[in-house]
Amino acid sequence: MPPRTRRMPFPDVVIERDTDSEQSSSEEEEEDEPAVLVESENEEKADEAKKKGKAPITISLKKVCKVCKKPGHEAGFKGATYIDCPMKPCFLCKMPGHTTVTCPHRVATEYGVIPAKRKNTRNGLEYAFERQIRPRIPPIKPAYVIPDQVSCAVIRYHSRRVTCLEFHPTNNNILLSGDKKGQLGVWDFRKVYEKVVYGNVHSCILNNMKFSPASDGTVYAASSDGTVSCTDVETGIALSLMNLNPDGWQGPSTWRMLYGMDINAEKGAVLVADNFGFLYLVDTRSNNRTGKPILIHKKGSKVVGLHCNPVQPDLLLSCGNDHFARIWDIRRIEDGSSIYDLAHSRVVNSAYFSPVSGSKILTTSQDNRLCIWDSIFGSMDSPSREIVHSHDFNRYLTPFRAEWDPKDPSESLAVIGRYISENYNGAALHPIDFIDISTGQLVAEIMDPNITTITPVNKLHPRDDVLASGSSRSLFIWRPKEKSEPVEQMDVGKIFVCDRDDKKRRKRKFGGESDDSDDDRSIPKSKRFKSQKKSQSKSSLSVKVRR
């Protein structure tokens with residue numbers, strides 16, 4: 001005989017709603033569901049209910065802020081516009097008292113920036129610099145050439161998000177790309193359809209790569225699997241030069257990942273740095289590691305960037321998660337022997353010497369600041385200027401890095417992707433910004449309606465007026481639009497979409513698995529491009545240029 005259970009009456013449920021939530025519209029149905037707060041009634045009613053054996057439940061469907069969890073306001077995307085929480089500081093400049101929409105730095109990037117001045121000094125180093133280097137820099141700043149139109153693209157080229165880009169040193173049409181899965185892509189963007197992906201180079205994130213100064217067909221790469229590889233671009237055959245994890249996975253406390261990398265051509269050495277703050281040297285002639293690891297940043301902190309000075313390669317610039325960028329002399333480098341320590345308030349994503357003279361420094365920090373030092377021969381206690389720019393990202397994106405234009409002789413133009421979206425005809429787009437670092441002015445912001453994902457990886461061509469961008473798993477090539485040329489829709493034939501058959505062939509060839517879990521929801525499909533060609537207006541892009 002089954003046991004008898006005593007029936008208990010179900011408690012009363014009272015639902016309270018906001019007046020706004022009672023209204024129904026198509027816009028509100030698209031929004032996220034409001035947070036639900038479950039509250040009990042007042043103590044008197046609760047006591048009475050307890051005596052009766054049942055406690056009523058009051059469910060209050062009141063809209064609350066997703067950031068501070070307080071009622072009375074909302075935060076998040078409303079259509080294509082992001083609304084800040086008024087209880088928190090501005091997301092852009094990190095200062096209280098206003099929101100991101102009304103932030104003065106968003107209205108004008110040059111807000112609060114002191115332009116560069118011409119300084120006369122008797123410093124001997126600066127005098128030698130003026131005599132030897134300055135004649136190569138024109139006294140009048142030339143007009144900027146902005147690649148503002150998408151010329152061609154390959155959609156869903158990689159199986160995971162793009163992490164780094166590099167142009168071929170001699171062939172102007174070859175672009176190399178690395179992704180989160182450790183694959184290396186080689187793409188001839190003039191022929192569009194000629195592309196290949198080598199999946200046997202690394203087993204984890206390919207963080208950085210550089211071409212060999214001695215051979216334009218060899219590329220060195222550093223990966224999060226703790227290895228440095230030397231790969232033949234034509235055949236895809238990779239040789240491992242250094243492996244910091246020979247025993248495999250032994251836990252996160254011992255697993256070493258390589259991030260920053262650069263090549264010192266004079267010494268014939270590849271310099272790489274890991275996630276524990278150490279620097280390693282690999283001899284390119286013997287393809288073996290030389291010397292002992294050198295602690296160049298706080299122990300246990302990630303060193304994400306290395307850059308050798310283009311004029312004096314013995315000067316090394318490093319940056320890391322310990323909130324510092326440091327300048328070293330490779331000839332006498334050891335723990336604590338840095339020449340300058342450039343302090344930042346948060347993690348430093350990148351740090352680069354200027355490409356022509358090597359006397360300037362440009363850093364990108366997680367506090368939404370671009371820091372510029374006008375001269376390494378002057379005072380390095382504080383940056384010459386700070387430019388507020390939106391590049392504070394989440395963990396699922398490749399870090400934003402502001403890079404110099406290698407063709408700009410005035411050393412004043414930099415390119416970087418933007419994190420905060422802009423409302424473009426009802427769509428939330430993330431532009432790519434060209435900034436004059438000498439004044440802080442926004443020279444141009446380029447965007448395309450077909451690119452709805454964030455574009456954190458950008459690389460300017462060292463010889464041509466070309467910009468390569470990596471957005472999610474796709475690659476885009478930008479070229480300047482001729483003034484005399486009418487604005488037309490981008491040719492769909494110049495957009496190559498990688499289908500699933502390519503992924504299956506790649507899986508069979510390299511024995512890997514195709515992972516589509518990365519951010520690719522907003523990448524348009526081939527059918528979408530064809531439909532957009534009919535429905536969109538003649539102009540397929542939006543570019544704002546400020547002279």
# chains A, B, ... in the order shown; residues from 1 in each chain; ligands from 1

call {"tool": "residues_around", "arguments": {"residues": "Leu279 of chain A", "least_positions_apart": "4", "cutoff": "9 Å", "atoms": "only C-alpha atoms", "output": "compact mmCIF listing (two decimals) with N, CA, C and O atoms, in the first residue's frame"}}
result
# COMPACT_ATOMS: atom_id res chain seq x y z
N LEU A 271 63.81 37.11 -30.48
CA LEU A 271 63.52 37.40 -29.08
C LEU A 271 62.05 37.10 -28.81
O LEU A 271 61.16 37.61 -29.50
N VAL A 272 61.80 36.29 -27.81
CA VAL A 272 60.43 35.93 -27.43
C VAL A 272 60.30 36.05 -25.91
O VAL A 272 61.28 35.95 -25.17
N ALA A 273 59.06 36.29 -25.47
CA ALA A 273 58.80 36.44 -24.03
C ALA A 273 57.56 35.63 -23.67
O ALA A 273 56.65 35.45 -24.49
N ASP A 274 57.51 35.14 -22.43
CA ASP A 274 56.45 34.24 -22.02
C ASP A 274 55.50 34.89 -21.02
O ASP A 274 55.58 36.09 -20.74
N LYS A 292 70.40 31.95 -20.94
CA LYS A 292 69.39 31.60 -19.95
C LYS A 292 68.23 32.59 -20.01
O LYS A 292 68.38 33.71 -20.47
N PRO A 293 67.07 32.19 -19.52
CA PRO A 293 65.94 33.13 -19.49
C PRO A 293 66.24 34.33 -18.60
O PRO A 293 66.88 34.21 -17.55
N ILE A 294 65.79 35.50 -19.04
CA ILE A 294 66.04 36.75 -18.31
C ILE A 294 64.70 37.33 -17.88
O ILE A 294 63.79 37.51 -18.70
N LEU A 295 64.59 37.63 -16.60
CA LEU A 295 63.36 38.22 -16.07
C LEU A 295 63.34 39.71 -16.42
O LEU A 295 64.14 40.49 -15.92
N ILE A 296 62.40 40.12 -17.29
CA ILE A 296 62.34 41.52 -17.72
C ILE A 296 61.09 42.23 -17.20
O ILE A 296 61.00 43.45 -17.29
N HIS A 297 60.13 41.49 -16.68
CA HIS A 297 58.94 42.08 -16.07
C HIS A 297 58.65 41.35 -14.77
O HIS A 297 59.32 40.37 -14.44
N VAL A 303 54.28 38.96 -20.61
CA VAL A 303 54.96 39.93 -21.48
C VAL A 303 54.33 39.80 -22.87
O VAL A 303 54.58 38.82 -23.57

call {"tool": "residues_around", "arguments": {"residues": "Lys210 of chain A", "least_positions_apart": "3", "cutoff": "7 Å", "atoms": "only C-alpha atoms", "output": "PDB file with N, CA and C atoms, in the first residue's frame"}}
result
ATOM      1  N   VAL A 219      59.094  32.364 -42.150  1.00  0.00           N
ATOM      2  CA  VAL A 219      58.431  33.168 -41.136  1.00  0.00           C
ATOM      3  C   VAL A 219      58.577  32.478 -39.787  1.00  0.00           C
ATOM      4  N   TYR A 220      58.918  33.276 -38.769  1.00  0.00           N
ATOM      5  CA  TYR A 220      59.010  32.789 -37.392  1.00  0.00           C
ATOM      6  C   TYR A 220      57.716  33.143 -36.673  1.00  0.00           C
ATOM      7  N   ALA A 221      57.270  32.238 -35.809  1.00  0.00           N
ATOM      8  CA  ALA A 221      56.010  32.449 -35.097  1.00  0.00           C
ATOM      9  C   ALA A 221      56.150  31.987 -33.654  1.00  0.00           C
ATOM     10  N   ASP A 262      60.056  39.490 -31.504  1.00  0.00           N
ATOM     11  CA  ASP A 262      60.655  40.349 -32.515  1.00  0.00           C
ATOM     12  C   ASP A 262      61.986  39.742 -32.916  1.00  0.00           C
TER      13      ASP A 262
END

call {"tool": "residues_around", "arguments": {"residues": "Gly358 of chain A", "least_positions_apart": "3", "cutoff": "8 Å", "atoms": "only C-alpha atoms", "output": "PyMOL selection string"}}
result
chain A and resi 309-312+353-355+361

call {"tool": "atom_distance", "arguments": {"atom1": "atom CA of Met87 of chain A", "atom2": "atom CA of Cys68 of chain A"}}
result
7.2 Å

call {"tool": "select_by_dssp", "arguments": {"residues": "segment 128-376 of chain A", "states": "alpha helix (DSSP H)", "output": "PyMOL selection string"}}
result
chain A and resi 128-132

call {"tool": "write_last_selection", "arguments": {"atoms": "N, CA, C and O atoms", "output": "CSV table (one decimal), in the first residue's frame"}}
result
chain,number,residue,atom,x,y,z
A,128,ALA,N,72.6,65.1,-32.0
A,128,ALA,CA,73.1,64.1,-33.0
A,128,ALA,C,71.9,63.6,-33.8
A,128,ALA,O,72.0,63.3,-35.0
A,129,PHE,N,70.8,63.4,-33.1
A,129,PHE,CA,69.6,63.0,-33.8
A,129,PHE,C,69.1,63.9,-34.9
A,129,PHE,O,68.7,63.6,-36.0
A,130,GLU,N,69.2,65.2,-34.6
A,130,GLU,CA,68.8,66.3,-35.5
A,130,GLU,C,69.7,66.2,-36.8
A,130,GLU,O,69.2,66.4,-37.9
A,131,ARG,N,70.9,66.0,-36.6
A,131,ARG,CA,71.9,66.0,-37.7
A,131,ARG,C,71.8,64.7,-38.5
A,131,ARG,O,71.9,64.8,-39.8
A,132,GLN,N,71.5,63.6,-37.9
A,132,GLN,CA,71.6,62.3,-38.6
A,132,GLN,C,70.3,61.8,-39.1
A,132,GLN,O,70.1,61.3,-40.2

call {"tool": "residues_around", "arguments": {"residues": "Asp148 of chain A", "least_positions_apart": "4", "cutoff": "8 Å", "atoms": "only C-alpha atoms", "output": "CSV table (one decimal) with C-alpha atoms, in the first residue's frame"}}
result
chain,number,residue,atom,x,y,z
A,446,ILE,CA,36.2,53.9,-41.7
A,447,MET,CA,33.5,51.4,-41.6
A,478,TRP,CA,41.0,48.3,-47.7
A,479,ARG,CA,42.2,50.7,-50.4
A,480,PRO,CA,41.8,54.4,-50.9
A,481,LYS,CA,38.9,55.5,-52.9
A,543,VAL,CA,33.8,57.2,-43.9

call {"tool": "closest_residue", "arguments": {"among": "A:Val107, A:Val356, A:Met242, A:Leu342", "to": "Cys319 of chain A", "atoms": "only C-alpha atoms"}}
result
A:Leu342

call {"tool": "residues_around", "arguments": {"residues": "Thr363 of chain A", "least_positions_apart": "5", "cutoff": "6 Å", "atoms": "only C-alpha atoms", "output": "ChimeraX atom specification"}}
result
/A:350-351,370-371

call {"tool": "write_last_selection", "arguments": {"atoms": "N, CA and C atoms", "output": "JSON list (two decimals), in the first residue's frame"}}
result
[["chain", "number", "residue", "atom", "x", "y", "z"],
["A", 350, "SER", "N", 50.34, 46.91, -26.10],
["A", 350, "SER", "CA", 51.40, 46.99, -27.10],
["A", 350, "SER", "C", 52.24, 48.22, -26.86],
["A", 351, "ALA", "N", 53.46, 48.18, -27.37],
["A", 351, "ALA", "CA", 54.38, 49.32, -27.30],
["A", 351, "ALA", "C", 55.31, 49.23, -28.51],
["A", 370, "LEU", "N", 45.91, 55.98, -25.25],
["A", 370, "LEU", "CA", 47.07, 55.87, -26.12],
["A", 370, "LEU", "C", 48.11, 56.85, -25.60],
["A", 371, "CYS", "N", 49.26, 56.35, -25.19],
["A", 371, "CYS", "CA", 50.32, 57.20, -24.61],
["A", 371, "CYS", "C", 51.43, 57.39, -25.63]]

call {"tool": "residues_around", "arguments": {"residues": "Leu239 of chain A", "least_positions_apart": "3", "cutoff": "8 Å", "atoms": "only C-alpha atoms", "output": "list in words"}}
result
Ser229, Cys230 and Thr231 of chain A

call {"tool": "write_last_selection", "arguments": {"atoms": "N, CA and C atoms", "output": "tab-separated table (two decimals), in the first residue's frame"}}
result
chain	number	residue	atom	x	y	z
A	229	SER	N	58.31	28.52	-33.91
A	229	SER	CA	58.39	27.74	-35.14
A	229	SER	C	59.03	28.55	-36.25
A	230	CYS	N	59.61	27.83	-37.18
A	230	CYS	CA	60.18	28.40	-38.40
A	230	CYS	C	59.49	27.70	-39.56
A	231	THR	N	58.68	28.43	-40.32
A	231	THR	CA	57.80	27.81	-41.32
A	231	THR	C	58.16	28.31	-42.72

call {"tool": "closest_residue", "arguments": {"among": "A:Arg285, A:His158, A:His202, A:Lys360", "to": "Ala265 of chain A", "atoms": "only C-alpha atoms"}}
result
A:Arg285

call {"tool": "closest_residue", "arguments": {"among": "A:Pro409, A:Thr398, A:Gly440, A:Ser338", "to": "Pro142 of chain A", "atoms": "only C-alpha atoms"}}
result
A:Pro409

call {"tool": "closest_atom_pairs", "arguments": {"of": "segment 255-336 of chain A", "to": "segment 373-390 of chain A", "cutoff": "12 Å", "atoms": "only C-alpha atoms", "output": "JSON lines"}}
result
{"residue": "A:Asn309", "atom": "CA", "partner": "A:Ile376", "partner_atom": "CA", "distance": 11.0}
{"residue": "A:Leu315", "atom": "CA", "partner": "A:Ile376", "partner_atom": "CA", "distance": 10.8}
{"residue": "A:Leu317", "atom": "CA", "partner": "A:Ile376", "partner_atom": "CA", "distance": 11.3}
{"residue": "A:Ala325", "atom": "CA", "partner": "A:Met380", "partner_atom": "CA", "distance": 11.2}
{"residue": "A:Arg326", "atom": "CA", "partner": "A:Met380", "partner_atom": "CA", "distance": 10.7}
{"residue": "A:Ile327", "atom": "CA", "partner": "A:Ile376", "partner_atom": "CA", "distance": 9.5}
